[in-house]
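What's in start21.cif: mmCIF, C-alpha atoms
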```cif
data_work
#
loop_
_atom_site.group_PDB
_atom_site.id
_atom_site.type_symbol
_atom_site.label_atom_id
_atom_site.label_comp_id
_atom_site.auth_asym_id
_atom_site.auth_seq_id
_atom_site.Cartn_x
_atom_site.Cartn_y
_atom_site.Cartn_z
ATOM 1 C CA ASP A 1 96.119 114.006 109.595
ATOM 2 C CA GLU A 2 92.507 115.193 109.461
ATOM 3 C CA PHE A 3 93.326 117.457 106.511
ATOM 4 C CA CYS A 4 94.555 114.430 104.530
ATOM 5 C CA SER A 5 91.786 112.055 105.593
ATOM 6 C CA TRP A 6 89.381 112.847 102.751
ATOM 7 C CA PHE A 7 91.928 111.803 100.132
ATOM 8 C CA ILE A 8 92.876 108.661 102.049
ATOM 9 C CA ALA A 9 89.169 107.772 102.033
ATOM 10 C CA LEU A 10 88.856 108.625 98.342
ATOM 11 C CA ASP A 11 91.753 106.289 97.585
ATOM 12 C CA GLY A 12 90.054 103.440 99.455
ATOM 13 C CA TYR A 13 86.725 104.082 97.754
ATOM 14 C CA LEU A 14 88.210 104.084 94.261
ATOM 15 C CA ARG A 15 90.223 100.931 94.917
ATOM 16 C CA GLU A 16 87.122 99.136 96.132
ATOM 17 C CA THR A 17 84.678 100.346 93.471
ATOM 18 C CA SER A 18 86.683 101.662 90.472
ATOM 19 C CA ASP A 19 83.898 104.254 90.347
ATOM 20 C CA TRP A 20 85.750 107.027 88.552
ATOM 21 C CA ARG A 21 82.466 108.771 87.804
ATOM 22 C CA PHE A 22 82.711 109.998 91.375
ATOM 23 C CA VAL A 23 85.775 112.060 90.451
ATOM 24 C CA ASN A 24 83.929 115.067 89.079
ATOM 25 C CA GLU A 25 84.559 118.811 89.071
ATOM 26 C CA GLN A 26 83.868 119.006 92.791
ATOM 27 C CA VAL A 27 86.585 116.437 93.522
ATOM 28 C CA ALA A 28 89.014 118.272 91.250
ATOM 29 C CA LYS A 29 88.222 121.536 93.034
ATOM 30 C CA ALA A 30 88.749 119.892 96.424
ATOM 31 C CA SER A 31 92.124 118.660 95.204
ATOM 32 C CA GLU A 32 93.153 122.153 94.105
ATOM 33 C CA ASP A 33 91.946 123.631 97.407
ATOM 34 C CA PHE A 34 93.990 121.059 99.317
ATOM 35 C CA LEU A 35 97.154 121.988 97.429
ATOM 36 C CA ALA A 36 96.602 125.710 98.012
ATOM 37 C CA LYS A 37 95.877 125.358 101.728
ATOM 38 C CA LEU A 38 98.710 122.889 102.226
ATOM 39 C CA GLU A 39 101.245 125.632 101.511
ATOM 40 C CA ASN A 40 100.195 127.390 104.721
ATOM 41 C CA TRP A 41 101.665 124.472 106.675
ATOM 42 C CA ARG A 42 105.011 124.172 104.871
ATOM 43 C CA GLY A 43 107.959 124.772 107.179
ATOM 44 C CA SER A 44 111.622 125.561 106.749
ATOM 45 C CA LEU A 45 112.649 121.897 106.532
ATOM 46 C CA GLY A 46 110.515 121.224 103.464
ATOM 47 C CA LEU A 47 108.100 119.311 105.691
ATOM 48 C CA TYR A 48 104.590 120.224 106.830
ATOM 49 C CA LYS A 49 103.783 121.347 110.361
ATOM 50 C CA THR A 50 100.929 120.546 112.669
ATOM 51 C CA PHE A 51 99.934 122.002 116.029
ATOM 52 C CA LEU A 52 97.968 118.979 117.273
ATOM 53 C CA SER A 53 99.085 115.358 117.283
ATOM 54 C CA PRO A 54 96.739 112.481 116.301
ATOM 55 C CA THR A 55 95.616 112.364 119.946
ATOM 56 C CA ASP A 56 94.443 116.009 119.584
ATOM 57 C CA ASP A 57 97.069 117.102 122.098
ATOM 58 C CA PRO A 58 99.509 119.977 121.412
ATOM 59 C CA VAL A 59 102.764 118.804 119.835
ATOM 60 C CA GLU A 60 106.250 119.386 121.203
ATOM 61 C CA TYR A 61 107.945 119.149 117.796
ATOM 62 C CA PRO A 62 105.886 120.392 114.830
ATOM 63 C CA TYR A 63 106.991 118.068 111.997
ATOM 64 C CA LEU A 64 105.380 114.673 112.569
ATOM 65 C CA THR A 65 106.708 111.853 110.392
ATOM 66 C CA TYR A 66 103.330 110.112 110.260
ATOM 67 C CA ASN A 67 101.494 113.292 109.262
ATOM 68 C CA ASN A 68 103.985 114.062 106.525
ATOM 69 C CA ALA A 69 103.666 110.524 105.207
ATOM 70 C CA LEU A 70 99.907 111.115 104.990
ATOM 71 C CA VAL A 71 100.563 114.301 103.013
ATOM 72 C CA TRP A 72 102.749 112.251 100.667
ATOM 73 C CA LYS A 73 99.909 109.753 100.296
ATOM 74 C CA ALA A 74 97.327 112.482 99.649
ATOM 75 C CA LEU A 75 99.574 113.989 96.961
ATOM 76 C CA GLN A 76 99.853 110.585 95.295
ATOM 77 C CA VAL A 77 96.075 110.321 95.175
ATOM 78 C CA ILE A 78 95.628 113.867 93.860
ATOM 79 C CA ALA A 79 98.215 113.267 91.129
ATOM 80 C CA GLN A 80 96.184 110.314 89.908
ATOM 81 C CA VAL A 81 92.945 112.296 90.074
ATOM 82 C CA PHE A 82 94.501 114.924 87.796
ATOM 83 C CA GLN A 83 95.910 112.226 85.506
ATOM 84 C CA LYS A 84 92.531 110.535 85.176
ATOM 85 C CA ARG A 85 90.917 113.870 84.350
ATOM 86 C CA GLY A 86 93.405 114.571 81.572
ATOM 87 C CA GLN A 87 95.344 117.212 83.532
ATOM 88 C CA ALA A 88 98.729 115.661 82.776
ATOM 89 C CA GLU A 89 100.835 118.723 83.556
ATOM 90 C CA GLN A 90 99.246 119.239 86.973
ATOM 91 C CA SER A 91 99.560 115.531 87.679
ATOM 92 C CA ALA A 92 103.280 115.594 86.927
ATOM 93 C CA GLU A 93 103.784 118.635 89.161
ATOM 94 C CA VAL A 94 102.044 116.969 92.105
ATOM 95 C CA ARG A 95 103.966 113.729 91.578
ATOM 96 C CA ALA A 96 107.202 115.684 91.680
ATOM 97 C CA GLN A 97 106.042 117.433 94.853
ATOM 98 C CA SER A 98 105.300 114.094 96.487
ATOM 99 C CA ALA A 99 108.697 112.704 95.468
ATOM 100 C CA VAL A 100 110.498 115.686 97.000
ATOM 101 C CA LEU A 101 108.496 115.328 100.213
ATOM 102 C CA ARG A 102 109.295 111.629 100.495
ATOM 103 C CA GLN A 103 112.983 112.380 100.052
ATOM 104 C CA ARG A 104 112.864 115.070 102.749
ATOM 105 C CA ILE A 105 111.137 112.698 105.173
ATOM 106 C CA GLN A 106 113.857 110.105 104.600
ATOM 107 C CA GLU A 107 116.581 112.721 105.028
ATOM 108 C CA VAL A 108 115.220 114.534 108.084
ATOM 109 C CA CYS A 109 112.979 112.080 109.951
ATOM 110 C CA VAL A 110 115.292 109.063 110.199
ATOM 111 C CA THR A 111 117.339 109.096 113.400
ATOM 112 C CA ASP A 112 119.530 106.788 115.474
ATOM 113 C CA GLY A 113 117.582 104.637 117.903
ATOM 114 C CA PRO A 114 118.541 101.965 120.443
ATOM 115 C CA LEU A 115 117.803 99.248 117.868
ATOM 116 C CA GLY A 116 119.373 101.046 114.900
ATOM 117 C CA PRO A 117 118.194 103.720 112.443
ATOM 118 C CA MET A 118 114.466 104.354 112.875
ATOM 119 C CA TYR A 119 111.779 106.864 112.015
ATOM 120 C CA ALA A 120 111.440 109.649 114.553
ATOM 121 C CA TRP A 121 107.978 110.497 115.752
ATOM 122 C CA ALA A 122 108.680 114.168 115.068
ATOM 123 C CA VAL A 123 111.467 116.675 114.450
ATOM 124 C CA ASN A 124 111.791 120.390 115.143
ATOM 125 C CA ASP A 125 113.127 123.239 113.013
ATOM 126 C CA THR A 126 116.721 122.483 113.986
ATOM 127 C CA GLY A 127 116.367 118.798 113.083
ATOM 128 C CA GLN A 128 116.233 117.446 116.646
ATOM 129 C CA ALA A 129 114.312 114.183 116.767
ATOM 130 C CA GLN A 130 111.684 112.924 119.200
ATOM 131 C CA LEU A 131 111.348 109.179 119.854
ATOM 132 C CA LEU A 132 107.683 108.488 120.497
ATOM 133 C CA ASP A 133 104.624 106.851 119.022
ATOM 134 C CA GLN A 134 100.899 107.435 119.384
ATOM 135 C CA PRO A 135 98.405 104.684 118.575
ATOM 136 C CA PRO A 136 95.845 107.041 116.964
ATOM 137 C CA GLY A 137 98.425 107.796 114.243
ATOM 138 C CA SER A 138 101.159 105.226 114.598
ATOM 139 C CA LEU A 139 104.392 104.952 112.646
ATOM 140 C CA GLN A 140 103.373 101.305 112.250
ATOM 141 C CA LEU A 141 101.081 102.496 109.443
ATOM 142 C CA LEU A 142 103.903 103.804 107.226
ATOM 143 C CA ALA A 143 104.160 100.511 105.350
ATOM 144 C CA TYR A 144 100.391 100.044 105.232
ATOM 145 C CA TYR A 145 100.002 103.356 103.421
ATOM 146 C CA GLY A 146 102.824 102.462 101.039
ATOM 147 C CA PHE A 147 105.369 104.987 102.225
ATOM 148 C CA CYS A 148 107.936 102.216 102.671
ATOM 149 C CA PRO A 149 108.018 98.433 102.203
ATOM 150 C CA GLU A 150 107.345 96.215 105.206
ATOM 151 C CA ASP A 151 110.875 94.791 104.996
ATOM 152 C CA ASP A 152 112.522 98.235 105.071
ATOM 153 C CA PRO A 153 115.146 97.972 107.870
ATOM 154 C CA VAL A 154 114.387 101.472 109.183
ATOM 155 C CA TYR A 155 110.689 100.646 109.356
ATOM 156 C CA ARG A 156 111.346 97.270 111.005
ATOM 157 C CA ASN A 157 113.560 98.941 113.631
ATOM 158 C CA THR A 158 110.796 101.463 114.272
ATOM 159 C CA VAL A 159 108.135 98.800 114.779
ATOM 160 C CA SER A 160 110.474 96.763 116.989
ATOM 161 C CA TRP A 161 111.123 99.866 119.114
ATOM 162 C CA ILE A 162 107.385 100.560 119.470
ATOM 163 C CA HIS A 163 106.848 97.012 120.777
ATOM 164 C CA SER A 164 109.850 96.935 123.095
ATOM 165 C CA GLU A 165 110.924 98.014 126.567
ATOM 166 C CA HIS A 166 112.688 100.963 124.937
ATOM 167 C CA ASN A 167 109.259 102.496 124.311
ATOM 168 C CA PRO A 168 108.283 104.058 127.654
ATOM 169 C CA ASP A 169 104.605 103.868 126.664
ATOM 170 C CA TYR A 170 104.492 100.130 125.935
ATOM 171 C CA CYS A 171 102.073 98.249 128.213
ATOM 172 C CA ALA A 172 103.002 94.716 129.212
ATOM 173 C CA GLY A 173 100.462 92.179 130.389
ATOM 174 C CA ARG A 174 98.050 89.608 129.079
ATOM 175 C CA PHE A 175 96.755 92.178 126.585
ATOM 176 C CA SER A 176 100.081 93.847 125.892
ATOM 177 C CA ALA A 177 100.132 96.644 123.325
ATOM 178 C CA PRO A 178 101.595 100.103 122.764
ATOM 179 C CA ALA A 179 99.976 103.025 124.571
ATOM 180 C CA CYS A 180 100.748 106.739 124.878
ATOM 181 C CA GLU A 181 100.630 109.534 127.428
ATOM 182 C CA HIS A 182 97.120 110.541 126.336
ATOM 183 C CA ALA A 183 95.778 107.199 127.601
ATOM 184 C CA PRO A 184 98.446 104.947 129.200
ATOM 185 C CA TYR A 185 96.775 101.605 128.567
ATOM 186 C CA PRO A 186 96.825 99.170 125.617
ATOM 187 C CA TRP A 187 95.072 100.777 122.656
ATOM 188 C CA VAL A 188 92.695 98.717 120.542
ATOM 189 C CA LEU A 189 93.987 100.645 117.534
ATOM 190 C CA SER A 190 97.446 99.209 118.258
ATOM 191 C CA LEU A 191 95.942 95.745 117.910
ATOM 192 C CA CYS A 192 94.446 96.864 114.589
ATOM 193 C CA TYR A 193 97.910 97.743 113.305
ATOM 194 C CA GLN A 194 99.165 94.350 114.427
ATOM 195 C CA LEU A 195 96.416 92.786 112.340
ATOM 196 C CA LEU A 196 97.501 94.805 109.310
ATOM 197 C CA THR A 197 101.283 94.751 109.447
ATOM 198 C CA GLY A 198 102.477 92.728 112.443
ATOM 199 C CA ASP A 199 101.725 89.537 114.350
ATOM 200 C CA SER A 200 98.135 89.229 113.173
ATOM 201 C CA GLU A 201 97.566 85.856 114.879
ATOM 202 C CA LYS A 202 98.560 87.220 118.291
ATOM 203 C CA ALA A 203 96.406 90.315 117.824
ATOM 204 C CA LEU A 204 93.441 88.220 116.725
ATOM 205 C CA GLN A 205 93.700 85.990 119.802
ATOM 206 C CA GLN A 206 93.911 89.031 122.076
ATOM 207 C CA LEU A 207 90.841 90.576 120.486
ATOM 208 C CA LEU A 208 88.891 87.338 120.772
ATOM 209 C CA ALA A 209 89.778 87.102 124.457
ATOM 210 C CA ALA A 210 89.224 90.759 125.356
ATOM 211 C CA GLU A 211 85.846 91.824 126.688
ATOM 212 C CA LEU A 212 86.372 95.394 125.376
ATOM 213 C CA ASP A 213 83.266 97.501 126.099
ATOM 214 C CA ASN A 214 80.798 94.598 126.229
ATOM 215 C CA ASP A 215 82.328 93.443 122.912
ATOM 216 C CA ILE A 216 82.125 96.932 121.410
ATOM 217 C CA ALA A 217 85.402 98.555 120.344
ATOM 218 C CA CYS A 218 86.819 101.072 122.813
ATOM 219 C CA GLU A 219 89.834 103.344 123.030
ATOM 220 C CA THR A 220 91.938 101.377 125.534
ATOM 221 C CA ILE A 221 91.645 98.215 127.616
ATOM 222 C CA ASP A 222 93.004 96.995 130.923
ATOM 223 C CA PRO A 223 96.307 95.164 130.270
ATOM 224 C CA GLN A 224 95.289 92.237 132.494
ATOM 225 C CA THR A 225 91.522 91.867 132.053
ATOM 226 C CA GLY A 226 90.933 93.202 128.541
ATOM 227 C CA ARG A 227 87.978 95.283 129.737
ATOM 228 C CA VAL A 228 87.372 98.863 128.646
ATOM 229 C CA LYS A 229 89.604 101.381 130.377
ATOM 230 C CA THR A 230 88.965 104.586 128.401
ATOM 231 C CA GLY A 231 86.874 105.673 125.441
ATOM 232 C CA ALA A 232 83.823 103.419 125.645
ATOM 233 C CA ALA A 233 81.879 102.732 122.436
ATOM 234 C CA PHE A 234 84.575 104.301 120.254
ATOM 235 C CA ALA A 235 82.858 104.427 116.852
ATOM 236 C CA THR A 236 85.885 105.430 114.784
ATOM 237 C CA CYS A 237 87.937 102.627 116.301
ATOM 238 C CA ALA A 238 85.093 100.174 115.653
ATOM 239 C CA GLY A 239 85.152 101.048 111.969
ATOM 240 C CA PHE A 240 88.909 100.688 111.676
ATOM 241 C CA LEU A 241 88.837 97.466 113.688
ATOM 242 C CA SER A 242 86.245 96.017 111.295
ATOM 243 C CA HIS A 243 88.416 97.037 108.350
ATOM 244 C CA SER A 244 91.536 95.568 109.962
ATOM 245 C CA LEU A 245 89.820 92.269 110.747
ATOM 246 C CA PHE A 246 88.496 91.996 107.204
ATOM 247 C CA THR A 247 91.925 92.752 105.761
ATOM 248 C CA ALA A 248 93.724 90.309 108.052
ATOM 249 C CA LEU A 249 91.246 87.505 107.356
ATOM 250 C CA HIS A 250 91.252 88.114 103.592
ATOM 251 C CA PRO A 251 94.948 88.153 102.576
ATOM 252 C CA THR A 252 94.120 89.156 98.998
ATOM 253 C CA CYS A 253 92.873 92.481 100.426
ATOM 254 C CA LYS A 254 96.186 93.224 102.145
ATOM 255 C CA GLY A 255 96.047 97.009 102.127
ATOM 256 C CA PRO A 256 95.754 100.231 100.145
ATOM 257 C CA GLU A 257 99.019 99.674 98.248
ATOM 258 C CA ASN A 258 99.831 97.289 95.445
ATOM 259 C CA GLU A 259 102.688 94.801 95.653
ATOM 260 C CA GLY A 260 105.187 97.314 94.375
ATOM 261 C CA GLY A 261 104.395 99.788 97.153
ATOM 262 C CA SER A 262 103.241 102.666 94.959
ATOM 263 C CA ALA A 263 99.682 103.863 94.850
ATOM 264 C CA GLN A 264 97.793 102.718 91.780
ATOM 265 C CA LEU A 265 94.139 103.718 91.570
#
```

Final structure tokens representation of the file:
Amino acid sequence: DEFCSWFIALDGYLRETSDWRFVNEQVAKASEDFLAKLENWRGSLGLYKTFLSPTDDPVEYPYLTYNNALVWKALQVIAQVFQKRGQAEQSAEVRAQSAVLRQRIQEVCVTDGPLGPMYAWAVNDTGQAQLLDQPPGSLQLLAYYGFCPEDDPVYRNTVSWIHSEHNPDYCAGRFSAPACEHAPYPWVLSLCYQLLTGDSEKALQQLLAAELDNDIACETIDPQTGRVKTGAAFATCAGFLSHSLFTALHPTCKGPENEGGSAQL
């Protein structure tokens, strides 16, 4: 997820500014370096491995659905960088690579869940699936990043599972929200995802009522009081919370994907 982050940021910058002058030789070189280094992480399933989850904890299964969706997104961005720079052949190759990856994710990372077919958190080399979610890199973001439409039944089942009693890490209470083993309390980032792709009104009311860390974004909050529980003054969360609030309160700025669900810079 960290490896892909630069290209996710580049996508957001270009959408906001249309400043294609920024895409110079250095950006092109970074794109080529990404593609070369990415091959070191390709596994036998046609997916890409990681050794740490978005919580920075060691993974049990190496192929995370969320991480592979971010790779797909990064490849989409790189393809458009090459296209804009007149490198049509390279652009077509990367687009094809992204299409194959998306197909493999759909083939390997969709599993049977208690609410119907859903995206697994991760799979191993034999295709066994792990049902889980982690707020720092939630499957709730798959639609936000354009990997699937919000009305995709598999995605909807996944989100419903994350916010249900079937999810062993879901925290009930006044400030109910998904959690994870890393920090078993409602995550403020989970409320961000609700602002972006879920019940934005409920999330907004919870955020207005929560004390957080003296009104500064934090990692998790107490499910009853809304006060900081872990991760005080969490700067990264504060930035994403600001972005999520802006997006939720300005519907014309819905997210990084266009209406058709494919990245268009």

Test item: residues at most 9 Å from Ala143 of chain A, only C-alpha atoms, excluding those fewer than 4 positions along its chain, as a ChimeraX atom specification: /A:139,147-152,155,197,257,261

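For segment 227-244 of chain A, the set of protein, DNA and RNA residues having any atom at most 8 Å away, when counting only C-alpha atoms and skipping those fewer than 2 positions along the same chain, is Ala183, Tyr185, Val188, Leu189, Cys192, Tyr193, Leu195, Leu196, Ala210, Glu211, Leu212, Asp213, Ile216, Ala217, Cys218, Glu219, Thr220, Ile221, Asp222, Thr225, Phe246, Thr247 and Ala248 of chain A.
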
query: When distances are computed from only C-alpha atoms, which of A:Tyr66, A:Phe82, A:Tyr170, A:Trp187 shows the smallest separation from Leu142 of chain A?
result: A:Tyr66

Leu115 of chain A surroundings by all atoms listed in the file, 9 Å radius, close-in-sequence under 6 positions cut, as JSON, numbers by chain: {"A": [157, 158, 160, 161, 166]}

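Considering all atoms listed in the file, the residue among A:Asp199, A:Asp133, A:Asp215, A:Asp1 positioned nearest to Ala179 of chain A is A:Asp133.
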
task: Specify as an NGL selection string each residue included when the PyMOL selection byres ((chain A and resi 43-53) around 10) is applied to this file.
output: :A and (1 or 38-42 or 54-69 or 71 or 100-105 or 108-109 or 122-127 or 134 or 136-137)

Selection export as a PDB file, in the frame of the given file, atoms kept: C-alpha atoms:
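Once everything was written out, this is out10.pdb:
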```
ATOM      1  CA  ASP A   1      96.119 114.006 109.595  1.00  0.00           C
ATOM      2  CA  LEU A  38      98.710 122.889 102.226  1.00  0.00           C
ATOM      3  CA  GLU A  39     101.245 125.632 101.511  1.00  0.00           C
ATOM      4  CA  ASN A  40     100.195 127.390 104.721  1.00  0.00           C
ATOM      5  CA  TRP A  41     101.665 124.472 106.675  1.00  0.00           C
ATOM      6  CA  ARG A  42     105.011 124.172 104.871  1.00  0.00           C
ATOM      7  CA  PRO A  54      96.739 112.481 116.301  1.00  0.00           C
ATOM      8  CA  THR A  55      95.616 112.364 119.946  1.00  0.00           C
ATOM      9  CA  ASP A  56      94.443 116.009 119.584  1.00  0.00           C
ATOM     10  CA  ASP A  57      97.069 117.102 122.098  1.00  0.00           C
ATOM     11  CA  PRO A  58      99.509 119.977 121.412  1.00  0.00           C
ATOM     12  CA  VAL A  59     102.764 118.804 119.835  1.00  0.00           C
ATOM     13  CA  GLU A  60     106.250 119.386 121.203  1.00  0.00           C
ATOM     14  CA  TYR A  61     107.945 119.149 117.796  1.00  0.00           C
ATOM     15  CA  PRO A  62     105.886 120.392 114.830  1.00  0.00           C
ATOM     16  CA  TYR A  63     106.991 118.068 111.997  1.00  0.00           C
ATOM     17  CA  LEU A  64     105.380 114.673 112.569  1.00  0.00           C
ATOM     18  CA  THR A  65     106.708 111.853 110.392  1.00  0.00           C
ATOM     19  CA  TYR A  66     103.330 110.112 110.260  1.00  0.00           C
ATOM     20  CA  ASN A  67     101.494 113.292 109.262  1.00  0.00           C
ATOM     21  CA  ASN A  68     103.985 114.062 106.525  1.00  0.00           C
ATOM     22  CA  ALA A  69     103.666 110.524 105.207  1.00  0.00           C
ATOM     23  CA  VAL A  71     100.563 114.301 103.013  1.00  0.00           C
ATOM     24  CA  VAL A 100     110.498 115.686  97.000  1.00  0.00           C
ATOM     25  CA  LEU A 101     108.496 115.328 100.213  1.00  0.00           C
ATOM     26  CA  ARG A 102     109.295 111.629 100.495  1.00  0.00           C
ATOM     27  CA  GLN A 103     112.983 112.380 100.052  1.00  0.00           C
ATOM     28  CA  ARG A 104     112.864 115.070 102.749  1.00  0.00           C
ATOM     29  CA  ILE A 105     111.137 112.698 105.173  1.00  0.00           C
ATOM     30  CA  VAL A 108     115.220 114.534 108.084  1.00  0.00           C
ATOM     31  CA  CYS A 109     112.979 112.080 109.951  1.00  0.00           C
ATOM     32  CA  ALA A 122     108.680 114.168 115.068  1.00  0.00           C
ATOM     33  CA  VAL A 123     111.467 116.675 114.450  1.00  0.00           C
ATOM     34  CA  ASN A 124     111.791 120.390 115.143  1.00  0.00           C
ATOM     35  CA  ASP A 125     113.127 123.239 113.013  1.00  0.00           C
ATOM     36  CA  THR A 126     116.721 122.483 113.986  1.00  0.00           C
ATOM     37  CA  GLY A 127     116.367 118.798 113.083  1.00  0.00           C
ATOM     38  CA  GLN A 134     100.899 107.435 119.384  1.00  0.00           C
ATOM     39  CA  PRO A 136      95.845 107.041 116.964  1.00  0.00           C
ATOM     40  CA  GLY A 137      98.425 107.796 114.243  1.00  0.00           C
TER      41      GLY A 137
END
```

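Atom CA of Pro223 of chain A sits 6.2 Å away from atom CA of Pro186 of chain A.
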
field: Pairwise distance for atom CA of Val94 of chain A and atom CA of Val159 of chain A, rounded to one decimal in Å
entry: 29.7 Å

task: Go through the shown structure with the PyMOL selection byres ((chain A and resi 8) around 10) and write out the matching residues as a VMD selection string.
output: chain A and resid 1 to 7 9 to 13 70 to 71 73 to 77 145 256

Would you compute the box with edges along x, y and z of the file around segment 245-251 of chain A, including every atom the file lists for it and 5 Å extra on each side, and give its centre and edge lengths in Å to one decimal, as JSON?
```
{"center_x": 91.7, "center_y": 90.1, "center_z": 106.7, "size_x": 16.5, "size_y": 15.2, "size_z": 18.2}
```

task: Determine, counting only C-alpha atoms, which protein, DNA and RNA residues have an atom within 9 Å of an atom of His163 of chain A; residues of the same chain fewer than 6 positions away are not included. Present the result as a count of residues only.
output: 4

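Atom CA of Ile162 of chain A is found 11.6 Å from atom CA of Gly198 of chain A.
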
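Closest approach to Gln205 of chain A from the set A:Gln90, A:Gln26, A:Ser176, A:Gln83 is made by A:Ser176, with distances taken over only C-alpha atoms.
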
For Lys29 of chain A, list every protein, DNA or RNA residue within 12 Å, evaluated using all atoms listed in the file, and leave out those in the same chain fewer than 4 positions away; present the list as a PDB file with C-alpha atoms, in the coordinates of the input.
```
ATOM      1  CA  VAL A  23      85.775 112.060  90.451  1.00  0.00           C
ATOM      2  CA  ASN A  24      83.929 115.067  89.079  1.00  0.00           C
ATOM      3  CA  GLU A  25      84.559 118.811  89.071  1.00  0.00           C
ATOM      4  CA  ASP A  33      91.946 123.631  97.407  1.00  0.00           C
ATOM      5  CA  PHE A  34      93.990 121.059  99.317  1.00  0.00           C
ATOM      6  CA  LEU A  35      97.154 121.988  97.429  1.00  0.00           C
ATOM      7  CA  ALA A  36      96.602 125.710  98.012  1.00  0.00           C
ATOM      8  CA  ILE A  78      95.628 113.867  93.860  1.00  0.00           C
ATOM      9  CA  VAL A  81      92.945 112.296  90.074  1.00  0.00           C
ATOM     10  CA  PHE A  82      94.501 114.924  87.796  1.00  0.00           C
ATOM     11  CA  ARG A  85      90.917 113.870  84.350  1.00  0.00           C
TER      12      ARG A  85
END
```

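Of the listed residues A:Leu141, A:Lys84, A:Gly226, A:Leu204, the one whose atoms come nearest to Val27 of chain A is A:Lys84, with distances taken using all atoms listed in the file.
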